[in-house]
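Engineer: To be precise about what I am sending: the file is called final-v3.pdb and holds PDB, C-alpha atoms.
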```
ATOM      1  CA  MET R   8     -21.952  -0.297-131.591
ATOM      2  CA  LYS R   9     -18.375   0.931-131.899
ATOM      3  CA  THR R  10     -16.115   3.211-129.932
ATOM      4  CA  ILE R  11     -13.889   5.435-132.036
ATOM      5  CA  ALA R  12     -10.775   7.184-130.793
ATOM      6  CA  THR R  13      -8.589   9.425-132.950
ATOM      7  CA  LEU R  14      -4.931   9.472-131.986
ATOM      8  CA  THR R  15      -2.130  11.845-132.879
ATOM      9  CA  ALA R  16       1.159  11.512-131.037
ATOM     10  CA  VAL R  17       4.652  12.896-131.382
ATOM     11  CA  SER R  18       7.947  11.629-130.043
ATOM     12  CA  VAL R  19      11.241  13.480-130.167
ATOM     13  CA  CYS R  20      14.239  11.338-130.929
ATOM     14  CA  ALA R  21      16.820  13.898-132.022
ATOM     15  CA  GLY R  22      20.119  12.392-133.072
ATOM     16  CA  ALA R  23      18.635   8.932-133.484
ATOM     17  CA  SER R  24      18.577   7.063-136.773
ATOM     18  CA  LEU R  25      15.274   6.768-138.586
ATOM     19  CA  ALA R  26      15.429   2.981-138.368
ATOM     20  CA  ALA R  27      15.251   2.877-134.592
ATOM     21  CA  GLY R  28      14.169   0.581-131.832
ATOM     22  CA  PRO R  29      10.911   0.987-129.934
ATOM     23  CA  THR R  30      10.039   4.690-129.678
ATOM     24  CA  THR R  31       7.715   6.154-127.057
ATOM     25  CA  LEU R  32       5.112   8.594-128.369
ATOM     26  CA  ASN R  33       3.851  10.754-125.525
ATOM     27  CA  ILE R  34       0.235  11.900-125.374
ATOM     28  CA  SER R  35      -0.355  15.203-123.620
ATOM     29  CA  PRO R  36      -3.370  15.737-121.341
ATOM     30  CA  VAL R  37      -3.199  19.427-122.263
ATOM     31  CA  SER R  38      -4.805  18.654-125.627
ATOM     32  CA  SER R  39      -6.425  15.259-125.128
ATOM     33  CA  GLN R  40      -9.793  14.194-123.768
ATOM     34  CA  ALA R  41     -12.116  11.230-123.417
ATOM     35  CA  ASP R  42     -15.819  11.528-124.190
ATOM     36  CA  VAL R  43     -17.364   8.539-122.426
ATOM     37  CA  SER R  44     -20.885   7.171-122.195
ATOM     38  CA  ALA R  45     -22.347   4.145-120.463
ATOM     39  CA  GLU R  46     -25.741   2.542-121.015
ATOM     40  CA  PHE R  47     -27.356   0.536-118.232
ATOM     41  CA  PHE R  48     -29.376  -1.902-120.318
ATOM     42  CA  THR R  49     -32.213  -3.933-118.810
ATOM     43  CA  PHE R  50     -35.081  -5.752-120.467
ATOM     44  CA  ILE R  51     -37.534  -3.254-118.945
ATOM     45  CA  GLY R  52     -35.679  -0.172-120.159
ATOM     46  CA  SER R  53     -32.294   1.523-120.168
ATOM     47  CA  ALA R  54     -30.496   4.623-118.912
ATOM     48  CA  THR R  55     -27.477   6.391-120.412
ATOM     49  CA  ASP R  56     -25.057   8.942-119.002
ATOM     50  CA  GLY R  57     -21.923  10.587-120.369
ATOM     51  CA  GLY R  58     -18.912  12.581-119.272
ATOM     52  CA  ILE R  59     -15.672  14.192-120.466
ATOM     53  CA  ALA R  60     -12.187  14.157-118.946
ATOM     54  CA  ALA R  61      -8.598  14.838-119.969
ATOM     55  CA  VAL R  62      -6.461  11.820-120.794
ATOM     56  CA  ASP R  63      -2.775  11.121-121.138
ATOM     57  CA  GLY R  64      -0.655   8.084-121.924
ATOM     58  CA  GLN R  65       1.926   6.612-124.247
ATOM     59  CA  ILE R  66       2.174   4.600-127.452
ATOM     60  CA  VAL R  67       5.306   2.541-128.103
ATOM     61  CA  LEU R  68       6.049   1.934-131.793
ATOM     62  CA  GLU R  69       8.950   0.539-133.794
ATOM     63  CA  ALA R  70       9.557   0.999-137.529
ATOM     64  CA  ASP R  71      12.057  -0.156-140.117
ATOM     65  CA  ASP R  72      12.265   3.492-141.236
ATOM     66  CA  PHE R  73      10.203   6.162-139.502
ATOM     67  CA  ALA R  74      10.474   8.460-142.547
ATOM     68  CA  ALA R  75       9.001   5.899-144.955
ATOM     69  CA  PRO R  76       7.993   2.800-142.984
ATOM     70  CA  THR R  77       7.081  -0.521-144.558
ATOM     71  CA  THR R  78       6.931  -2.363-141.229
ATOM     72  CA  LEU R  79       5.418  -1.063-138.000
ATOM     73  CA  THR R  80       5.484  -2.887-134.686
ATOM     74  CA  LEU R  81       3.128  -1.935-131.852
ATOM     75  CA  HIS R  82       4.747  -2.783-128.549
ATOM     76  CA  ASP R  83       2.433  -1.094-126.076
ATOM     77  CA  PHE R  84      -0.099   1.656-125.486
ATOM     78  CA  ALA R  85      -2.070   3.103-122.613
ATOM     79  CA  LEU R  86      -4.707   5.822-122.636
ATOM     80  CA  THR R  87      -5.673   6.756-119.104
ATOM     81  CA  VAL R  88      -7.872   9.408-117.537
ATOM     82  CA  GLN R  89      -5.605  12.111-116.152
ATOM     83  CA  ASN R  90      -7.569  12.638-112.935
ATOM     84  CA  ALA R  91      -8.630   9.238-111.641
ATOM     85  CA  GLY R  92     -12.325   9.073-110.927
ATOM     86  CA  SER R  93     -13.170  12.181-112.957
ATOM     87  CA  VAL R  94     -15.458  10.213-115.296
ATOM     88  CA  MET R  95     -18.333   9.069-113.065
ATOM     89  CA  LEU R  96     -21.530   8.065-114.848
ATOM     90  CA  SER R  97     -24.867   7.039-113.317
ATOM     91  CA  GLY R  98     -28.488   6.394-114.150
ATOM     92  CA  HIS R  99     -31.813   5.014-112.976
ATOM     93  CA  VAL R 100     -34.280   2.677-114.672
ATOM     94  CA  SER R 101     -37.874   2.376-113.470
ATOM     95  CA  HIS R 102     -40.839   0.540-114.944
ATOM     96  CA  PRO R 103     -43.596  -0.100-112.355
ATOM     97  CA  PRO R 104     -44.705  -2.723-111.589
ATOM     98  CA  LEU R 105     -41.813  -4.607-113.209
ATOM     99  CA  GLY R 106     -39.143  -3.050-111.004
ATOM    100  CA  ASP R 107     -36.235  -0.612-111.136
ATOM    101  CA  GLY R 108     -32.472  -0.370-111.008
ATOM    102  CA  ASP R 109     -29.522   1.991-110.622
ATOM    103  CA  PHE R 110     -26.000   1.961-111.985
ATOM    104  CA  THR R 111     -22.728   3.846-111.768
ATOM    105  CA  GLU R 112     -19.677   3.553-114.011
ATOM    106  CA  ARG R 113     -16.202   4.968-113.434
ATOM    107  CA  PHE R 114     -14.051   5.017-116.558
ATOM    108  CA  ASP R 115     -10.268   5.158-116.149
ATOM    109  CA  GLY R 116      -8.975   4.355-119.644
ATOM    110  CA  LEU R 117      -7.740   1.644-121.994
ATOM    111  CA  VAL R 118      -4.564  -0.449-121.838
ATOM    112  CA  PHE R 119      -3.011  -2.724-124.474
ATOM    113  CA  ALA R 120      -3.378  -6.298-123.259
ATOM    114  CA  ALA R 121      -1.514  -8.357-125.872
ATOM    115  CA  SER R 122       1.187 -10.734-124.679
ATOM    116  CA  GLY R 123       3.579  -9.701-127.434
ATOM    117  CA  PRO R 124       4.170  -7.103-130.164
ATOM    118  CA  VAL R 125       1.728  -6.705-133.066
ATOM    119  CA  ILE R 126       3.186  -6.185-136.539
ATOM    120  CA  ALA R 127       1.704  -4.435-139.575
ATOM    121  CA  THR R 128       3.333  -4.302-143.004
ATOM    122  CA  GLY R 129       2.769  -2.446-146.257
ATOM    123  CA  THR R 130       3.257   1.102-147.455
ATOM    124  CA  GLY R 131       0.656   2.654-145.151
ATOM    125  CA  PRO R 132      -1.710   3.666-143.838
ATOM    126  CA  PHE R 133      -1.260   0.675-141.530
ATOM    127  CA  SER R 134      -3.785  -1.317-139.500
ATOM    128  CA  PHE R 135      -3.490  -3.306-136.277
ATOM    129  CA  LEU R 136      -6.664  -5.396-136.099
ATOM    130  CA  GLY R 137      -8.197  -7.191-133.130
ATOM    131  CA  VAL R 138      -5.792  -5.786-130.548
ATOM    132  CA  PRO R 139      -6.820  -6.905-127.028
ATOM    133  CA  VAL R 140      -7.441  -4.052-124.596
ATOM    134  CA  VAL R 141      -8.266  -3.880-120.905
ATOM    135  CA  VAL R 142     -11.002  -1.423-119.937
ATOM    136  CA  LEU R 143      -9.970   0.292-116.718
ATOM    137  CA  GLY R 144     -12.691   1.299-114.291
ATOM    138  CA  GLU R 145     -15.450   0.133-112.002
ATOM    139  CA  ALA R 146     -19.122  -0.683-112.631
ATOM    140  CA  THR R 147     -21.792  -0.839-109.918
ATOM    141  CA  ALA R 148     -25.394  -2.014-110.172
ATOM    142  CA  LEU R 149     -28.349  -2.205-107.796
ATOM    143  CA  TYR R 150     -31.658  -3.605-109.085
ATOM    144  CA  ASP R 151     -34.794  -5.593-108.363
ATOM    145  CA  ILE R 152     -36.554  -6.417-111.597
ATOM    146  CA  VAL R 153     -39.431  -8.946-111.472
ATOM    147  CA  GLY R 154     -37.389 -10.976-109.014
ATOM    148  CA  LEU R 155     -34.636 -11.708-111.539
ATOM    149  CA  ASP R 156     -31.439 -12.144-109.521
ATOM    150  CA  PRO R 157     -32.281  -9.126-107.355
ATOM    151  CA  VAL R 158     -29.305  -7.137-106.031
ATOM    152  CA  THR R 159     -30.208  -5.115-102.957
ATOM    153  CA  VAL R 160     -26.597  -4.472-101.913
ATOM    154  CA  PRO R 161     -24.669  -2.754-104.714
ATOM    155  CA  ARG R 162     -22.700  -5.196-106.819
ATOM    156  CA  VAL R 163     -19.287  -3.788-107.765
ATOM    157  CA  VAL R 164     -17.269  -5.056-110.742
ATOM    158  CA  ASP R 165     -13.649  -4.106-111.451
ATOM    159  CA  THR R 166     -13.748  -3.911-115.257
ATOM    160  CA  SER R 167      -9.998  -4.534-115.529
ATOM    161  CA  LEU R 168     -10.639  -8.071-114.217
ATOM    162  CA  LEU R 169     -13.111  -8.878-117.009
ATOM    163  CA  PRO R 170     -11.943 -10.542-120.245
ATOM    164  CA  PRO R 171     -10.167  -8.018-122.496
ATOM    165  CA  GLY R 172     -12.088  -6.143-125.121
ATOM    166  CA  SER R 173     -10.945  -5.836-128.726
ATOM    167  CA  ALA R 174      -9.770  -2.791-130.632
ATOM    168  CA  ASP R 175      -8.675  -1.990-134.198
ATOM    169  CA  LEU R 176      -5.996   0.607-134.864
ATOM    170  CA  THR R 177      -6.592   1.760-138.426
ATOM    171  CA  GLY R 178      -5.381   4.564-140.646
ATOM    172  CA  VAL R 179      -2.036   4.515-138.861
ATOM    173  CA  VAL R 180       0.330   7.009-140.504
ATOM    174  CA  VAL R 181       3.885   7.518-139.252
ATOM    175  CA  THR R 182       6.231  10.229-140.523
ATOM    176  CA  SER R 183       9.556  11.686-139.453
ATOM    177  CA  ASP R 184      11.663  14.694-140.375
ATOM    178  CA  GLY R 185      14.749  13.049-138.917
ATOM    179  CA  ALA R 186      14.240  14.519-135.474
ATOM    180  CA  THR R 187      10.553  14.080-134.698
ATOM    181  CA  VAL R 188       8.382  11.007-135.210
ATOM    182  CA  THR R 189       4.691  11.707-135.720
ATOM    183  CA  MET R 190       1.901   9.133-135.664
ATOM    184  CA  SER R 191      -1.800   9.476-136.375
ATOM    185  CA  ALA R 192      -4.402   6.718-136.216
ATOM    186  CA  THR R 193      -7.961   5.792-135.374
ATOM    187  CA  VAL R 194      -8.708   3.338-132.567
ATOM    188  CA  THR R 195     -12.046   1.539-132.692
ATOM    189  CA  LEU R 196     -13.127  -0.400-129.609
ATOM    190  CA  ASP R 197     -15.787  -3.074-129.955
ATOM    191  CA  LEU R 198     -18.701  -2.535-127.589
ATOM    192  CA  PHE R 199     -17.605  -3.501-124.073
ATOM    193  CA  THR R 200     -20.215  -4.919-121.699
ATOM    194  CA  VAL R 201     -20.281  -5.626-117.977
ATOM    195  CA  PRO R 202     -22.754  -8.532-117.647
ATOM    196  CA  PHE R 203     -24.615  -8.487-114.372
ATOM    197  CA  VAL R 204     -27.191 -10.835-115.937
ATOM    198  CA  ALA R 205     -25.877 -11.454-119.441
ATOM    199  CA  ASP R 206     -28.074  -9.982-122.199
ATOM    200  CA  LEU R 207     -30.734  -8.977-119.653
ATOM    201  CA  ILE R 208     -29.016  -6.597-117.220
ATOM    202  CA  GLU R 209     -25.643  -5.171-118.186
ATOM    203  CA  THR R 210     -23.611  -1.984-118.552
ATOM    204  CA  ARG R 211     -22.463  -1.140-122.071
ATOM    205  CA  ILE R 212     -19.475   1.186-122.231
ATOM    206  CA  ASN R 213     -18.717   3.540-125.099
ATOM    207  CA  ALA R 214     -15.816   6.026-125.225
ATOM    208  CA  SER R 215     -14.489   8.374-127.870
ATOM    209  CA  ILE R 216     -10.936   9.400-126.988
ATOM    210  CA  SER R 217      -9.488  12.363-128.872
ATOM    211  CA  VAL R 218      -5.719  12.523-128.561
ATOM    212  CA  LEU R 219      -3.863  15.419-130.177
ATOM    213  CA  ALA R 220      -0.182  15.876-130.981
ATOM    214  CA  SER R 221       2.360  16.375-128.211
ATOM    215  CA  ASP R 222       6.004  16.669-129.120
ATOM    216  CA  ALA R 223       7.012  16.268-125.450
ATOM    217  CA  THR R 224       9.829  18.782-125.938
ATOM    218  CA  GLY R 225       8.515  21.772-123.992
ATOM    219  CA  CYS R 226       9.863  22.333-120.498
ATOM    220  CA  ASN R 227       6.346  23.056-119.156
ATOM    221  CA  PRO R 228       2.811  23.610-120.530
ATOM    222  CA  ALA R 229       3.608  27.217-121.538
ATOM    223  CA  ASP R 230       6.519  26.137-123.740
ATOM    224  CA  ILE R 231       4.430  25.603-126.875
ATOM    225  CA  ALA R 232       6.589  27.237-129.559
ATOM    226  CA  GLU R 233      10.144  26.790-130.781
ATOM    227  CA  PRO R 234      12.787  27.165-129.543
ATOM    228  CA  PHE R 235      11.749  24.599-126.932
ATOM    229  CA  GLY R 236      13.382  24.860-123.545
ATOM    230  CA  LEU R 237      13.089  28.644-123.658
ATOM    231  CA  LEU R 238      10.048  30.685-122.635
ATOM    232  CA  ASP R 239       9.816  33.808-124.776
ATOM    233  CA  LEU R 240       7.532  36.006-126.898
ATOM    234  CA  ALA R 241       7.061  33.148-129.368
ATOM    235  CA  ASP R 242       5.281  31.140-126.669
ATOM    236  CA  ILE R 243       3.088  34.103-125.733
ATOM    237  CA  GLY R 244       2.163  34.705-129.364
ATOM    238  CA  ALA R 245       1.457  31.016-129.950
ATOM    239  CA  PHE R 246      -0.741  30.820-126.852
ATOM    240  CA  VAL R 247      -2.737  33.936-127.762
ATOM    241  CA  SER R 248      -3.310  32.672-131.309
ATOM    242  CA  ALA R 249      -4.324  29.219-130.062
ATOM    243  CA  PHE R 250      -6.630  30.715-127.426
ATOM    244  CA  LEU R 251      -8.424  32.952-129.944
ATOM    245  CA  ASP R 252      -8.705  30.097-132.467
ATOM    246  CA  GLY R 253      -9.987  27.589-129.912
ATOM    247  CA  ASP R 254      -6.918  25.420-130.512
ATOM    248  CA  PRO R 255      -6.399  22.634-127.911
ATOM    249  CA  ALA R 256      -2.800  23.845-127.447
ATOM    250  CA  ALA R 257      -4.275  26.678-125.338
ATOM    251  CA  ASP R 258      -6.620  24.423-123.360
ATOM    252  CA  LEU R 259      -4.334  24.202-120.334
ATOM    253  CA  ALA R 260      -6.872  23.778-117.536
ATOM    254  CA  PRO R 261     -10.223  22.066-116.916
ATOM    255  CA  PRO R 262     -12.892  22.058-118.138
ATOM    256  CA  VAL R 263     -11.555  20.498-121.326
ATOM    257  CA  GLY R 264     -12.939  22.161-124.439
ATOM    258  CA  ALA R 265     -13.634  25.516-122.741
ATOM    259  CA  PHE R 266     -11.222  28.393-123.310
ATOM    260  CA  ASP R 267     -11.511  30.697-120.322
ATOM    261  CA  LEU R 268      -9.668  32.515-117.547
ATOM    262  CA  ALA R 269      -8.534  29.193-116.056
ATOM    263  CA  ASP R 270      -6.478  28.516-119.191
ATOM    264  CA  LEU R 271      -5.041  32.047-119.138
ATOM    265  CA  SER R 272      -4.118  31.682-115.463
ATOM    266  CA  ALA R 273      -2.505  28.275-116.099
ATOM    267  CA  PHE R 274      -0.391  29.741-118.918
ATOM    268  CA  ILE R 275       0.745  32.728-116.830
ATOM    269  CA  THR R 276       1.633  30.456-113.896
ATOM    270  CA  ALA R 277       3.651  28.102-116.090
ATOM    271  CA  PHE R 278       5.328  30.939-118.015
ATOM    272  CA  THR R 279       6.403  32.842-114.887
ATOM    273  CA  ALA R 280       7.688  29.607-113.321
ATOM    274  CA  GLY R 281      10.192  29.379-116.167
ATOM    275  CA  CYS R 282      12.115  26.388-117.425
ATOM    276  CA  PRO R 283      14.174  24.310-114.996
TER     277      PRO R 283
END
```
Please express what this file holds, its structure, as structure tokens.

Structural biologist:
Amino acid sequence: MKTIATLTAVSVCAGASLAAGPTTLNISPVSSQADVSAEFFTFIGSATDGGIAAVDGQIVLEADDFAAPTTLTLHDFALTVQNAGSVMLSGHVSHPPLGDGDFTERFDGLVFAASGPVIATGTGPFSFLGVPVVVLGEATALYDIVGLDPVTVPRVVDTSLLPPGSADLTGVVVTSDGATVTMSATVTLDLFTVPFVADLIETRINASISVLASDATGCNPADIAEPFGLLDLADIGAFVSAFLDGDPAADLAPPVGAFDLADLSAFITAFTAGCP
């Protein structure tokens, strides 16, 4: 079982040379979300729950030439749930007379856990394979199944303290027009388990994290069209078009994926606030 996350990130580095040092690519929660599921597996049955939340974070990359790279270096990345605790999953397993159990899982994101930079070479698309990642969150279980290590007081596990998981970053494409660096990739996380009783009672975490482009140049969420730093009719037109097309650029307020009055209100509030 695999977890697949599609990433697109943009970093503005105007005035910098294409062959630059580590560059931070900012991921915007306005257009990014995590679709997470957790399975509470037991040998008498299983239960699965899922949830969706906005995410944000950063990816730090270095290239020999961002316009036509032949060497990419991954220094760091972090994908975190924007509102901590917003992904809360739960379920119940029951199989009389063998017993029953309950679980909860809070998912908070993924963090690069390597001790040093990871390098990929070639002409692209690039791949970073077997990258260690920490799964942020908390798993809880309560069960009494045929007397096997019964837990009558909820057992709580901080998933960040478990051994790191493993992820592959594949299809990594980096481009630049001399002012903006753009990266797209796919992140695949190997199935991550929380072993309460290994192979017999455990939580298996799966998350698909969709991260869309953010150029990080707008002064606030309503500043979605050039010229950035100025709120004008171009931003209004861009928002209306995005809203009608169901484009994530107009998805400014929860719930993620729904285009409604909350998004319209968020745009009006940001637009009338103006740029600093």

Engineer: In Å, how far is it from atom CA of Ala148 of chain R to atom CA of Ile216 of chain R?

Structural biologist: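 That distance, rounded to one decimal, is 24.9 Å.
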
Engineer: Have a look at R:Gly28, R:Pro171, R:Pro234, R:Pro228 and name the one nearest to Gly281 of chain R; count all atoms listed in the file.

Structural biologist: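 For Gly281 of chain R, the nearest of the given residues is R:Pro228.
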
Engineer: Translate the PyMOL selection byres ((chain R and resi 70-76) around 10) into a concrete residue list for this structure, as a ChimeraX atom specification.

Structural biologist: /R:24-30,68-69,77-81,126-133,180-185,187-190

Engineer: Go through the shown structure with the PyMOL selection byres ((chain R and resi 50-59) around 10) and write out the matching residues as a compact mmCIF listing (two decimals) with C-alpha atoms, in the frame of the given file.

Structural biologist:
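Writing done, so here's out_33.txt:
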```txt
# COMPACT_ATOMS: atom_id res chain seq x y z
CA GLN R 40 -9.79 14.19 -123.77
CA ALA R 41 -12.12 11.23 -123.42
CA ASP R 42 -15.82 11.53 -124.19
CA VAL R 43 -17.36 8.54 -122.43
CA SER R 44 -20.88 7.17 -122.20
CA ALA R 45 -22.35 4.14 -120.46
CA GLU R 46 -25.74 2.54 -121.02
CA PHE R 47 -27.36 0.54 -118.23
CA PHE R 48 -29.38 -1.90 -120.32
CA THR R 49 -32.21 -3.93 -118.81
CA ALA R 60 -12.19 14.16 -118.95
CA ALA R 61 -8.60 14.84 -119.97
CA VAL R 62 -6.46 11.82 -120.79
CA VAL R 88 -7.87 9.41 -117.54
CA SER R 93 -13.17 12.18 -112.96
CA VAL R 94 -15.46 10.21 -115.30
CA MET R 95 -18.33 9.07 -113.06
CA LEU R 96 -21.53 8.06 -114.85
CA SER R 97 -24.87 7.04 -113.32
CA GLY R 98 -28.49 6.39 -114.15
CA HIS R 99 -31.81 5.01 -112.98
CA VAL R 100 -34.28 2.68 -114.67
CA SER R 101 -37.87 2.38 -113.47
CA HIS R 102 -40.84 0.54 -114.94
CA PRO R 103 -43.60 -0.10 -112.36
CA LEU R 105 -41.81 -4.61 -113.21
CA GLY R 106 -39.14 -3.05 -111.00
CA ASP R 107 -36.24 -0.61 -111.14
CA GLY R 108 -32.47 -0.37 -111.01
CA ASP R 109 -29.52 1.99 -110.62
CA PHE R 110 -26.00 1.96 -111.98
CA THR R 111 -22.73 3.85 -111.77
CA GLU R 112 -19.68 3.55 -114.01
CA ARG R 113 -16.20 4.97 -113.43
CA PHE R 114 -14.05 5.02 -116.56
CA ILE R 152 -36.55 -6.42 -111.60
CA VAL R 153 -39.43 -8.95 -111.47
CA ASP R 206 -28.07 -9.98 -122.20
CA LEU R 207 -30.73 -8.98 -119.65
CA ILE R 208 -29.02 -6.60 -117.22
CA GLU R 209 -25.64 -5.17 -118.19
CA THR R 210 -23.61 -1.98 -118.55
CA ARG R 211 -22.46 -1.14 -122.07
CA ILE R 212 -19.48 1.19 -122.23
CA ASN R 213 -18.72 3.54 -125.10
CA ALA R 214 -15.82 6.03 -125.22
CA SER R 215 -14.49 8.37 -127.87
CA ILE R 216 -10.94 9.40 -126.99
CA PRO R 262 -12.89 22.06 -118.14
CA VAL R 263 -11.56 20.50 -121.33
CA GLY R 264 -12.94 22.16 -124.44
```

Engineer: Going by the chain IDs and residue numbers used in this file, which residues fall under the PyMOL selection byres ((chain R and resi 237) around 10)? Write them as an NGL selection string.

Structural biologist: :R and (225-227 or 229-236 or 238-242 or 278 or 281-283)

Engineer: Suppose you want the space between atom CA of Leu32 of chain R and atom CA of Ala260 of chain R; what is it in Å?

Structural biologist: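 Interatomic distance, atom CA of Leu32 of chain R to atom CA of Ala260 of chain R: 22.2 Å.
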
Engineer: For a test of reading the model, state the distance in Å between atom CA of Gly178 of chain R and atom CA of Val141 of chain R, rounded to one decimal.

Structural biologist: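 So the two atoms, atom CA of Gly178 of chain R and atom CA of Val141 of chain R, lie 21.7 Å apart.
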
Engineer: Kindly provide, as a VMD selection string, the polymer residues lying within 10 Å of (0.8, -8.5, -126.7), counting all atoms listed in the file and using the coordinates exactly as they appear in the file.

Structural biologist: chain R and resid 81 to 83 119 to 125 138 to 140

Engineer: Contacts of segment 172-175 of chain R at 9 Å or less, counting only C-alpha atoms, minus same-chain residues fewer than 3 places along, as a list in words?

Structural biologist: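 Using only C-alpha atoms, the neighbours found are Thr10, Ala120, Ser134, Phe135, Leu136, Gly137, Val138, Pro139, Val140, Val141, Val142, Leu169, Thr193, Val194, Thr195, Leu196, Asp197, Leu198, Phe199 and Thr200 of chain R.
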
Engineer: Could you work out an axis-aligned box for segment 126-145 of chain R, taking every atom the file lists and adding 4 Å on each side, and report centre and edge lengths in Å to one decimal, as lines of an AutoDock Vina configuration file?

Structural biologist:
```
center_x = -6.1
center_y = -1.8
center_z = -129.7
size_x = 26.8
size_y = 18.9
size_z = 43.5
```

Engineer: List as a list in words the residues having at least one atom at most 10 Å from position (-0.1, 26.3, -116.7) as given in the file, counting only C-alpha atoms.

Structural biologist: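 The distance filter leaves exactly Val37, Asn227, Pro228, Ala229, Asp230, Ala257, Asp258, Leu259, Ala260, Ala269, Asp270, Leu271, Ser272, Ala273, Phe274, Ile275, Thr276, Ala277, Phe278, Thr279 and Ala280 of chain R.
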
Engineer: For a quick check of understanding, using all atoms listed in the file, which of R:Ala192, R:Gly144, R:Asp63, R:Leu117 has the smallest distance to Leu168 of chain R?

Structural biologist: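 That would be R:Gly144, the residue with the smallest distance to Leu168 of chain R.
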